[in-house]
>>> print(open('final34.cif').read())   # mmCIF, C-alpha atoms
data_final
loop_
_atom_site.label_atom_id
_atom_site.label_comp_id
_atom_site.auth_asym_id
_atom_site.auth_seq_id
_atom_site.Cartn_x
_atom_site.Cartn_y
_atom_site.Cartn_z
CA MET A 533 168.20 134.32 123.82
CA PHE A 534 164.77 134.93 122.29
CA PRO A 535 164.55 133.74 118.68
CA ALA A 536 161.68 134.32 116.27
CA VAL A 537 160.90 133.26 112.72
CA SER A 538 158.29 134.35 110.18
CA ALA A 539 157.42 133.32 106.64
CA GLY A 540 155.05 134.42 103.89
CA TRP A 541 153.90 133.06 100.55
CA ARG A 542 152.29 135.29 97.92
CA ILE A 543 150.20 132.66 96.15
CA SER A 544 148.83 135.30 93.78
CA GLU A 545 152.27 135.43 92.10
CA GLU A 546 152.15 131.74 91.23
CA ASN A 547 151.22 130.85 87.66
CA PHE A 548 148.30 128.61 88.62
CA ILE A 549 146.61 131.72 90.10
CA LYS A 550 148.08 134.47 87.93
CA ASN A 551 147.28 132.85 84.61
CA ASN A 552 143.80 131.58 85.44
CA THR A 553 141.92 134.43 87.12
CA ASP A 554 141.97 138.22 87.33
CA ILE A 555 139.86 138.42 90.49
CA PHE A 556 142.74 138.42 92.97
CA ASP A 557 145.29 141.22 93.19
CA ASN A 558 147.01 139.67 96.17
CA ILE A 559 146.81 136.42 98.12
CA LYS A 560 149.36 136.05 100.87
CA LEU A 561 149.70 133.41 103.56
CA ARG A 562 151.64 134.34 106.69
CA ALA A 563 152.96 132.42 109.71
CA SER A 564 155.23 133.37 112.58
CA TYR A 565 156.53 131.95 115.83
CA GLY A 566 158.71 133.59 118.44
CA ILE A 567 159.81 133.67 122.06
CA ILE A 568 159.84 136.91 124.01
CA GLY A 569 161.16 137.56 127.50
CA ASP A 570 159.53 140.09 129.79
CA LYS A 571 160.60 141.36 133.15
CA VAL A 572 158.84 140.42 136.35
CA ASP A 573 158.38 142.98 139.11
CA ALA A 574 160.49 141.24 141.73
CA SER A 575 161.83 142.13 145.12
CA PRO A 576 165.62 142.33 145.53
CA ALA A 577 165.14 140.00 148.48
CA ASN A 578 164.82 137.20 145.92
CA TYR A 579 168.55 137.44 145.22
CA LEU A 580 170.29 138.99 148.23
CA GLU A 581 171.20 137.06 151.33
CA GLY A 582 171.51 138.89 154.61
CA TYR A 583 169.75 140.12 157.72
CA ASN A 584 167.25 142.81 158.62
CA TYR A 585 168.22 145.28 161.34
CA PRO A 586 166.54 146.41 163.45
CA GLY A 587 164.72 143.12 163.62
CA ASP A 588 163.28 141.00 166.40
CA ARG A 589 163.60 141.70 170.13
CA PHE A 590 165.51 139.26 172.30
CA VAL A 591 165.50 138.81 176.09
CA PHE A 592 168.80 138.21 177.89
CA GLY A 593 168.17 137.83 181.59
CA LYS A 594 165.83 139.86 183.73
CA ASP A 595 164.68 143.19 182.27
CA ASN A 596 167.30 143.00 179.55
CA VAL A 597 165.61 143.29 176.13
CA VAL A 598 167.80 144.03 173.14
CA ILE A 599 167.01 144.57 169.49
CA GLY A 600 168.76 142.14 167.19
CA ALA A 601 168.85 141.16 163.53
CA ASN A 602 166.73 138.52 161.86
CA ASP A 603 167.24 136.52 158.71
CA LYS A 604 165.77 137.99 155.50
CA GLY A 605 164.49 134.62 154.42
CA LEU A 606 165.32 132.19 151.66
CA ILE A 607 166.61 133.50 148.34
CA ASN A 608 166.10 132.32 144.78
CA PRO A 609 169.19 133.10 142.70
CA ASN A 610 167.55 131.49 139.65
CA PHE A 611 164.59 133.89 139.56
CA THR A 612 164.37 135.41 136.09
CA TRP A 613 162.02 136.91 133.49
CA TYR A 614 158.97 135.04 132.26
CA GLU A 615 158.72 133.85 128.67
CA SER A 616 155.98 134.32 126.09
CA ARG A 617 155.77 131.92 123.17
CA LEU A 618 153.68 133.43 120.39
CA SER A 619 152.37 131.87 117.19
CA ASN A 620 150.32 133.56 114.48
CA PHE A 621 148.77 132.40 111.22
CA GLY A 622 147.16 134.79 108.76
CA ILE A 623 145.97 135.47 105.25
CA ASP A 624 145.73 138.71 103.26
CA LEU A 625 143.38 139.04 100.28
CA SER A 626 142.87 141.87 97.81
CA MET A 627 140.31 141.52 94.98
CA TRP A 628 138.98 143.47 92.02
CA GLN A 629 141.73 146.10 91.86
CA GLY A 630 141.68 146.66 95.58
CA LYS A 631 137.94 147.18 95.97
CA LEU A 632 137.59 144.35 98.48
CA GLY A 633 140.20 143.53 101.10
CA VAL A 634 140.36 140.80 103.75
CA GLU A 635 142.87 140.30 106.57
CA PHE A 636 142.44 137.37 108.94
CA ASP A 637 144.73 136.24 111.77
CA VAL A 638 144.56 133.58 114.46
CA PHE A 639 147.01 133.76 117.35
CA TYR A 640 148.06 131.92 120.48
CA ARG A 641 150.33 133.07 123.29
CA LYS A 642 151.57 130.93 126.18
CA ARG A 643 153.31 132.61 129.11
CA THR A 644 155.45 130.56 131.50
CA GLY A 645 157.49 131.54 134.51
CA LEU A 646 154.94 133.89 136.07
CA LYS A 647 155.86 134.69 139.63
CA ALA A 648 154.37 132.88 142.63
CA THR A 649 155.54 131.47 145.95
CA LEU A 650 155.24 128.10 147.64
CA SER A 651 153.52 129.64 150.65
CA SER A 652 150.21 127.96 149.85
CA THR A 653 151.68 124.47 149.42
CA LEU A 654 154.17 124.37 152.29
CA PRO A 655 153.02 124.22 155.95
CA THR A 656 153.49 127.26 158.19
CA SER A 657 155.81 125.13 160.33
CA PHE A 658 158.38 125.39 157.53
CA GLY A 659 159.68 128.39 159.42
CA ALA A 660 161.17 130.61 156.72
CA THR A 661 160.10 133.46 154.47
CA LEU A 662 159.77 132.06 150.95
CA PRO A 663 161.09 133.83 147.84
CA GLU A 664 159.23 134.44 144.63
CA MET A 665 159.68 131.79 141.95
CA ASN A 666 158.86 131.33 138.25
CA LEU A 667 155.98 128.90 138.70
CA ASN A 668 152.66 129.86 137.10
CA SER A 669 151.58 129.94 133.47
CA ASP A 670 148.64 131.12 131.35
CA SER A 671 147.60 131.51 127.72
CA HIS A 672 145.77 133.87 125.38
CA ARG A 673 144.13 132.87 122.12
CA GLY A 674 141.88 134.48 119.59
CA PHE A 675 141.44 135.87 116.10
CA GLU A 676 141.27 139.18 114.25
CA LEU A 677 139.31 139.92 111.07
CA VAL A 678 139.43 143.11 108.97
CA LEU A 679 137.13 143.63 105.95
CA SER A 680 137.37 146.66 103.70
CA TYR A 681 135.56 147.92 100.61
CA LYS A 682 136.37 151.02 98.59
CA ASN A 683 134.92 152.39 95.37
CA ARG A 684 134.29 155.56 93.40
CA ILE A 685 130.97 156.84 92.10
CA GLY A 686 131.59 159.79 89.82
CA GLU A 687 133.59 162.29 91.87
CA VAL A 688 132.73 160.64 95.18
CA PHE A 689 135.24 158.22 96.69
CA TYR A 690 134.17 156.15 99.69
CA GLU A 691 135.73 153.44 101.84
CA VAL A 692 134.23 151.21 104.53
CA LYS A 693 136.44 149.13 106.82
CA GLY A 694 135.22 146.92 109.64
CA ASN A 695 137.21 144.94 112.19
CA VAL A 696 136.51 142.42 114.93
CA THR A 697 138.89 140.90 117.46
CA TYR A 698 138.18 138.08 119.89
CA THR A 699 140.63 137.01 122.57
CA ARG A 700 140.30 135.02 125.76
CA LYS A 701 142.65 134.25 128.62
CA LYS A 702 143.03 130.86 130.29
CA ASN A 703 144.96 130.02 133.41
CA LEU A 704 147.19 126.99 132.97
CA TYR A 705 149.31 126.02 135.97
CA ARG A 706 148.59 127.61 139.34
CA GLU A 707 150.73 126.98 142.42
CA GLN A 708 148.11 126.21 145.06
CA ALA A 709 147.34 123.82 147.88
CA PRO A 710 144.87 120.95 147.33
CA TYR A 711 141.33 121.95 148.21
CA ARG A 712 139.59 120.29 151.15
CA ASN A 713 136.51 119.16 149.25
CA ALA A 714 135.02 118.93 145.80
CA TYR A 715 132.93 122.09 146.20
CA LEU A 716 135.90 124.31 147.11
CA ASN A 717 137.88 122.81 144.25
CA TRP A 718 135.06 123.57 141.82
CA ARG A 719 134.54 127.08 143.15
CA ASN A 720 138.08 128.33 143.75
CA ASN A 721 140.46 126.28 141.64
CA GLY A 722 141.61 128.59 138.87
CA GLU A 723 143.97 126.10 137.24
CA ASP A 724 143.20 125.11 133.66
CA ARG A 725 140.17 127.41 133.65
CA TRP A 726 139.07 130.47 131.69
CA GLN A 727 139.74 133.60 133.67
CA ASN A 728 136.72 135.73 132.82
CA ILE A 729 134.15 133.93 134.95
CA GLY A 730 131.84 135.74 137.36
CA TRP A 731 129.96 133.99 140.17
CA GLY A 732 126.62 134.82 141.72
CA TYR A 733 123.06 133.70 142.38
CA LYS A 734 120.84 132.85 139.42
CA ALA A 735 117.48 134.62 139.41
CA LEU A 736 114.45 132.56 138.37
CA GLY A 737 112.09 135.51 138.19
CA GLN A 738 109.88 137.16 140.81
CA PHE A 739 107.61 135.75 143.48
CA SER A 740 103.99 136.11 142.42
CA SER A 741 102.23 135.22 145.69
CA TYR A 742 102.78 134.50 149.39
CA ASP A 743 101.98 130.82 148.77
CA GLU A 744 104.88 130.64 146.32
CA ILE A 745 107.18 132.37 148.82
CA LEU A 746 106.35 129.99 151.67
CA SER A 747 106.74 126.90 149.47
CA SER A 748 110.14 127.96 148.07
CA PRO A 749 113.63 127.29 149.44
CA ILE A 750 114.64 129.57 152.30
CA GLN A 751 116.62 132.55 151.05
CA ASP A 752 116.33 135.17 153.83
CA ASN A 753 117.41 133.13 156.91
CA HIS A 754 113.97 133.84 158.43
CA GLY A 755 111.79 131.21 156.82
CA ASN A 756 111.06 133.59 153.92
CA THR A 757 108.88 135.69 156.26
CA THR A 758 110.62 138.91 155.21
CA LEU A 759 109.88 138.38 151.50
CA MET A 760 106.99 139.85 149.55
CA PRO A 761 105.45 139.22 146.11
CA GLY A 762 107.64 140.94 143.55
CA ASP A 763 110.91 140.05 145.27
CA ILE A 764 113.54 138.18 143.27
CA LYS A 765 113.34 134.39 143.43
CA LEU A 766 116.76 132.70 143.52
CA GLN A 767 117.69 129.23 142.31
CA ASP A 768 118.47 126.53 144.87
CA PHE A 769 121.42 125.29 142.83
CA ASN A 770 122.48 122.42 145.11
CA GLY A 771 118.93 121.43 146.07
CA ASP A 772 119.34 121.53 149.87
CA GLY A 773 116.33 123.82 150.47
CA ILE A 774 118.44 126.80 151.60
CA ILE A 775 119.78 129.63 149.47
CA ASP A 776 123.33 130.43 150.65
CA GLU A 777 126.83 130.83 149.19
CA LEU A 778 126.81 127.17 148.17
CA ASP A 779 124.22 128.06 145.53
CA GLN A 780 126.43 130.55 143.70
CA GLN A 781 127.38 129.49 140.18
CA PRO A 782 129.00 130.95 137.05
CA ILE A 783 126.45 133.46 135.74
CA ASN A 784 128.46 136.18 133.99
CA ARG A 785 131.85 137.33 132.80
CA ASP A 786 134.28 139.70 134.43
CA GLY A 787 134.83 143.34 133.51
CA THR A 788 137.34 142.73 130.70
CA PRO A 789 135.76 142.38 127.22
CA ASP A 790 136.53 139.34 125.07
CA LEU A 791 135.20 140.91 121.90
CA PHE A 792 136.19 144.22 120.29
CA PHE A 793 134.76 145.56 117.04
CA GLY A 794 134.81 148.75 115.04
CA MET A 795 134.14 150.43 111.71
CA ASN A 796 135.88 153.23 109.80
CA LEU A 797 133.96 155.27 107.20
CA ASN A 798 135.62 157.68 104.78
CA VAL A 799 134.01 159.80 102.05
CA GLN A 800 135.82 162.30 99.77
CA TRP A 801 134.33 164.75 97.24
CA LYS A 802 136.00 167.71 95.51
CA GLY A 803 138.52 168.38 98.25
CA PHE A 804 136.05 167.79 101.09
CA ASP A 805 136.26 164.68 103.22
CA LEU A 806 134.33 163.11 106.05
CA SER A 807 135.73 160.41 108.34
CA MET A 808 133.90 158.50 111.05
CA MET A 809 135.10 155.85 113.49
CA LEU A 810 132.77 153.58 115.44
CA GLN A 811 133.98 151.12 118.06
CA GLY A 812 132.55 148.86 120.70
CA ALA A 813 133.18 145.94 123.03
CA SER A 814 131.16 142.96 124.18
CA ASN A 815 131.30 139.68 126.12
CA TYR A 816 131.84 141.29 129.50
CA THR A 817 129.69 142.16 132.49
CA TYR A 818 129.13 145.61 133.96
CA GLU A 819 127.73 145.30 137.45
CA ILE A 820 125.31 147.94 138.72
CA GLN A 821 125.04 147.75 142.49
CA TYR A 822 121.48 147.17 143.67
CA LYS A 823 121.62 150.14 146.08
CA GLU A 824 122.66 152.82 143.61
CA PRO A 825 119.11 154.05 142.76
CA PHE A 826 118.64 154.98 146.44
CA LEU A 827 121.87 156.92 147.08
CA GLN A 828 121.44 160.40 148.57
CA LYS A 829 117.77 159.72 149.26
CA GLY A 830 117.00 159.51 145.55
CA LEU A 831 118.86 162.69 144.59
CA GLY A 832 121.68 160.88 142.79
CA ASN A 833 121.85 159.60 139.22
CA GLY A 834 120.74 156.07 140.08
CA TYR A 835 117.30 156.27 138.50
CA LYS A 836 118.59 157.88 135.29
CA MET A 837 121.26 155.19 135.04
CA PHE A 838 118.70 152.41 135.42
CA THR A 839 116.52 153.89 132.68
CA ASP A 840 119.53 153.77 130.34
CA ARG A 841 119.82 157.54 130.29
#
>>> encode(input="final34.cif", output="structure tokens")
Amino acid sequence: MFPAVSAGWRISEENFIKNNTDIFDNIKLRASYGIIGDKVDASPANYLEGYNYPGDRFVFGKDNVVIGANDKGLINPNFTWYESRLSNFGIDLSMWQGKLGVEFDVFYRKRTGLKATLSSTLPTSFGATLPEMNLNSDSHRGFELVLSYKNRIGEVFYEVKGNVTYTRKKNLYREQAPYRNAYLNWRNNGEDRWQNIGWGYKALGQFSSYDEILSSPIQDNHGNTTLMPGDIKLQDFNGDGIIDELDQQPINRDGTPDLFFGMNLNVQWKGFDLSMMLQGASNYTYEIQYKEPFLQKGLGNGYKMFTDR
């Protein structure tokens, strides 16, 4: 059972607005909350007991090997869909006979019952194949804003509408084993953490001289003897004098944008019309591999790509 409820209040129809100003054509407050179930791509082995045949090989006496059946593993008869709990709050505004319009929404979605197994938290000596379970959870939150303006100048009608949407995903519970030390927990623990985080080495600039190279932390495993002025200088994040994987840190976002925006333009005149749509995305990282300019001995598109062609 997945109930939902929504409500709205047109404040512009109330006397304290209607009788005191003619600026607003419409003011409406909106709110909604609901629960939605969604299927999980699950293996039938989660539900069905039985054996696999042919399975393991068994030895009975000398030179007598037979093929037998083996257990399919533990089942989870309670495995089911995951649930999304969504809440939304918004406002709609229309002013000056519809010339100016505003729509604004904030939303939050929490998903529970995402599939995972206990394989990372139980020892391998447990001795059975584990089923999928409804264990993990995450959340999405953000806002959406739409602004519009329309007017008429003589026989020319025009309308401009812009929109922006921001949303971000956060992992909540993650079924995982405890990490062996504080560094691994900081680096790999995705629980209660934003998902769009990219790791790497932080560049401090370029080496300007051999003296600077030889006095800097080791980053080439050869005492910096392979480096030259102009090479990238990396940050020794943990301060141990050696640049290695322990010096990687959050430096960028992943490839999924957090921010979307766009604009619609419309002009009409004597039966002719022109429409234009612009859109874009931001708050994400596009990684260009360092070797791409040198593919195919320089005959590829690497150089044109790097010059923003």
>>> atom_distance(input="final34.cif", atom1="CA of Gly730 (chain A)", atom2="CA of Gly787 (chain A)")
9.0 Å
>>> resolve_selection(input="final34.cif", expression="the PyMOL selection byres ((chain A and resi 812-819) around 10)", output="compact mmCIF listing (two decimals) with C-alpha atoms, in the coordinates of the input")
# COMPACT_ATOMS: atom_id res chain seq x y z
CA VAL A 696 136.51 142.42 114.93
CA THR A 697 138.89 140.90 117.46
CA TYR A 698 138.18 138.08 119.89
CA ASN A 728 136.72 135.73 132.82
CA ILE A 729 134.15 133.93 134.95
CA GLY A 730 131.84 135.74 137.36
CA ILE A 783 126.45 133.46 135.74
CA ASN A 784 128.46 136.18 133.99
CA ARG A 785 131.85 137.33 132.80
CA ASP A 786 134.28 139.70 134.43
CA GLY A 787 134.83 143.34 133.51
CA THR A 788 137.34 142.73 130.70
CA PRO A 789 135.76 142.38 127.22
CA ASP A 790 136.53 139.34 125.07
CA LEU A 791 135.20 140.91 121.90
CA PHE A 792 136.19 144.22 120.29
CA PHE A 793 134.76 145.56 117.04
CA GLY A 794 134.81 148.75 115.04
CA MET A 795 134.14 150.43 111.71
CA LEU A 810 132.77 153.58 115.44
CA GLN A 811 133.98 151.12 118.06
CA ILE A 820 125.31 147.94 138.72
CA GLN A 821 125.04 147.75 142.49
CA TYR A 822 121.48 147.17 143.67
>>> resolve_selection(input="final34.cif", expression="the PyMOL selection byres ((chain A and resi 647-654) around 9)", output="list in words")
Val572, Asp573, Ala574, Phe611, Trp613, Tyr614, Gly645, Leu646, Pro655, Thr656, Ser657, Phe658, Thr661, Leu662, Pro663, Glu664, Met665, Asn666, Leu667, Asn668, Ser669, Arg706, Glu707, Gln708, Ala709 and Pro710 of chain A
>>> write_last_selection(input="final34.cif", atoms="C-alpha atoms", output="JSON list (two decimals), keeping the file's coordinate frame")
[["chain", "number", "residue", "atom", "x", "y", "z"],
["A", 572, "VAL", "CA", 158.84, 140.42, 136.35],
["A", 573, "ASP", "CA", 158.38, 142.98, 139.11],
["A", 574, "ALA", "CA", 160.49, 141.24, 141.73],
["A", 611, "PHE", "CA", 164.59, 133.89, 139.56],
["A", 613, "TRP", "CA", 162.02, 136.91, 133.49],
["A", 614, "TYR", "CA", 158.97, 135.04, 132.26],
["A", 645, "GLY", "CA", 157.49, 131.54, 134.51],
["A", 646, "LEU", "CA", 154.94, 133.89, 136.07],
["A", 655, "PRO", "CA", 153.02, 124.22, 155.95],
["A", 656, "THR", "CA", 153.49, 127.26, 158.19],
["A", 657, "SER", "CA", 155.81, 125.13, 160.33],
["A", 658, "PHE", "CA", 158.38, 125.39, 157.53],
["A", 661, "THR", "CA", 160.10, 133.46, 154.47],
["A", 662, "LEU", "CA", 159.77, 132.06, 150.95],
["A", 663, "PRO", "CA", 161.09, 133.83, 147.84],
["A", 664, "GLU", "CA", 159.23, 134.44, 144.63],
["A", 665, "MET", "CA", 159.68, 131.79, 141.95],
["A", 666, "ASN", "CA", 158.86, 131.33, 138.25],
["A", 667, "LEU", "CA", 155.98, 128.90, 138.70],
["A", 668, "ASN", "CA", 152.66, 129.86, 137.10],
["A", 669, "SER", "CA", 151.58, 129.94, 133.47],
["A", 706, "ARG", "CA", 148.59, 127.61, 139.34],
["A", 707, "GLU", "CA", 150.73, 126.98, 142.42],
["A", 708, "GLN", "CA", 148.11, 126.21, 145.06],
["A", 709, "ALA", "CA", 147.34, 123.82, 147.88],
["A", 710, "PRO", "CA", 144.87, 120.95, 147.33]]
>>> closest_residue(input="final34.cif", among="A:Val634, A:Ala601, A:Ile567, A:Ala577", to="Ser619 (chain A)", atoms="only C-alpha atoms")
A:Ile567
>>> resolve_selection(input="final34.cif", expression="the PyMOL selection byres ((chain A and resi 735) around 9)", output="VMD selection string")
chain A and resid 733 to 734 736 to 738 764 to 767
>>> write_last_selection(input="final34.cif", atoms="C-alpha atoms", output="PDB file, in the coordinates of the input")
ATOM      1  CA  TYR A 733     123.060 133.700 142.380  1.00  0.00           C
ATOM      2  CA  LYS A 734     120.840 132.850 139.420  1.00  0.00           C
ATOM      3  CA  LEU A 736     114.450 132.560 138.370  1.00  0.00           C
ATOM      4  CA  GLY A 737     112.090 135.510 138.190  1.00  0.00           C
ATOM      5  CA  GLN A 738     109.880 137.160 140.810  1.00  0.00           C
ATOM      6  CA  ILE A 764     113.540 138.180 143.270  1.00  0.00           C
ATOM      7  CA  LYS A 765     113.340 134.390 143.430  1.00  0.00           C
ATOM      8  CA  LEU A 766     116.760 132.700 143.520  1.00  0.00           C
ATOM      9  CA  GLN A 767     117.690 129.230 142.310  1.00  0.00           C
TER      10      GLN A 767
END
>>> decode(input="final34.cif", residues="region 621-634 of chain A", atoms="N, CA and C atoms", output="mmCIF file, in the first residue's frame")
data_model
loop_
_atom_site.group_PDB
_atom_site.id
_atom_site.type_symbol
_atom_site.label_atom_id
_atom_site.label_comp_id
_atom_site.auth_asym_id
_atom_site.auth_seq_id
_atom_site.Cartn_x
_atom_site.Cartn_y
_atom_site.Cartn_z
ATOM 1 N N PHE A 621 7.491 20.924 -1.576
ATOM 2 C CA PHE A 621 6.847 22.176 -1.172
ATOM 3 C C PHE A 621 7.095 23.195 -2.281
ATOM 4 N N GLY A 622 6.034 23.912 -2.674
ATOM 5 C CA GLY A 622 6.186 24.837 -3.782
ATOM 6 C C GLY A 622 5.275 26.037 -3.690
ATOM 7 N N ILE A 623 5.562 27.008 -4.545
ATOM 8 C CA ILE A 623 4.752 28.218 -4.637
ATOM 9 C C ILE A 623 4.659 28.618 -6.095
ATOM 10 N N ASP A 624 3.480 29.038 -6.520
ATOM 11 C CA ASP A 624 3.246 29.566 -7.867
ATOM 12 C C ASP A 624 2.806 31.021 -7.745
ATOM 13 N N LEU A 625 3.415 31.886 -8.549
ATOM 14 C CA LEU A 625 3.069 33.311 -8.554
ATOM 15 C C LEU A 625 2.811 33.764 -9.981
ATOM 16 N N SER A 626 1.779 34.580 -10.159
ATOM 17 C CA SER A 626 1.520 35.250 -11.427
ATOM 18 C C SER A 626 1.161 36.695 -11.121
ATOM 19 N N MET A 627 1.840 37.641 -11.806
ATOM 20 C CA MET A 627 1.681 39.069 -11.480
ATOM 21 C C MET A 627 1.465 39.891 -12.742
ATOM 22 N N TRP A 628 0.764 41.007 -12.550
ATOM 23 C CA TRP A 628 0.540 41.995 -13.603
ATOM 24 C C TRP A 628 -0.074 41.368 -14.855
ATOM 25 N N GLN A 629 -1.234 40.740 -14.660
ATOM 26 C CA GLN A 629 -1.966 40.106 -15.763
ATOM 27 C C GLN A 629 -1.122 39.066 -16.512
ATOM 28 N N GLY A 630 -0.372 38.331 -15.761
ATOM 29 C CA GLY A 630 0.393 37.231 -16.333
ATOM 30 C C GLY A 630 1.714 37.599 -16.947
ATOM 31 N N LYS A 631 2.131 38.863 -16.847
ATOM 32 C CA LYS A 631 3.407 39.251 -17.452
ATOM 33 C C LYS A 631 4.584 38.539 -16.781
ATOM 34 N N LEU A 632 4.540 38.451 -15.460
ATOM 35 C CA LEU A 632 5.634 37.838 -14.716
ATOM 36 C C LEU A 632 5.123 36.597 -13.993
ATOM 37 N N GLY A 633 5.819 35.496 -14.147
ATOM 38 C CA GLY A 633 5.445 34.256 -13.497
ATOM 39 C C GLY A 633 6.617 33.648 -12.752
ATOM 40 N N VAL A 634 6.341 33.039 -11.609
ATOM 41 C CA VAL A 634 7.364 32.394 -10.786
ATOM 42 C C VAL A 634 6.828 31.046 -10.323
#
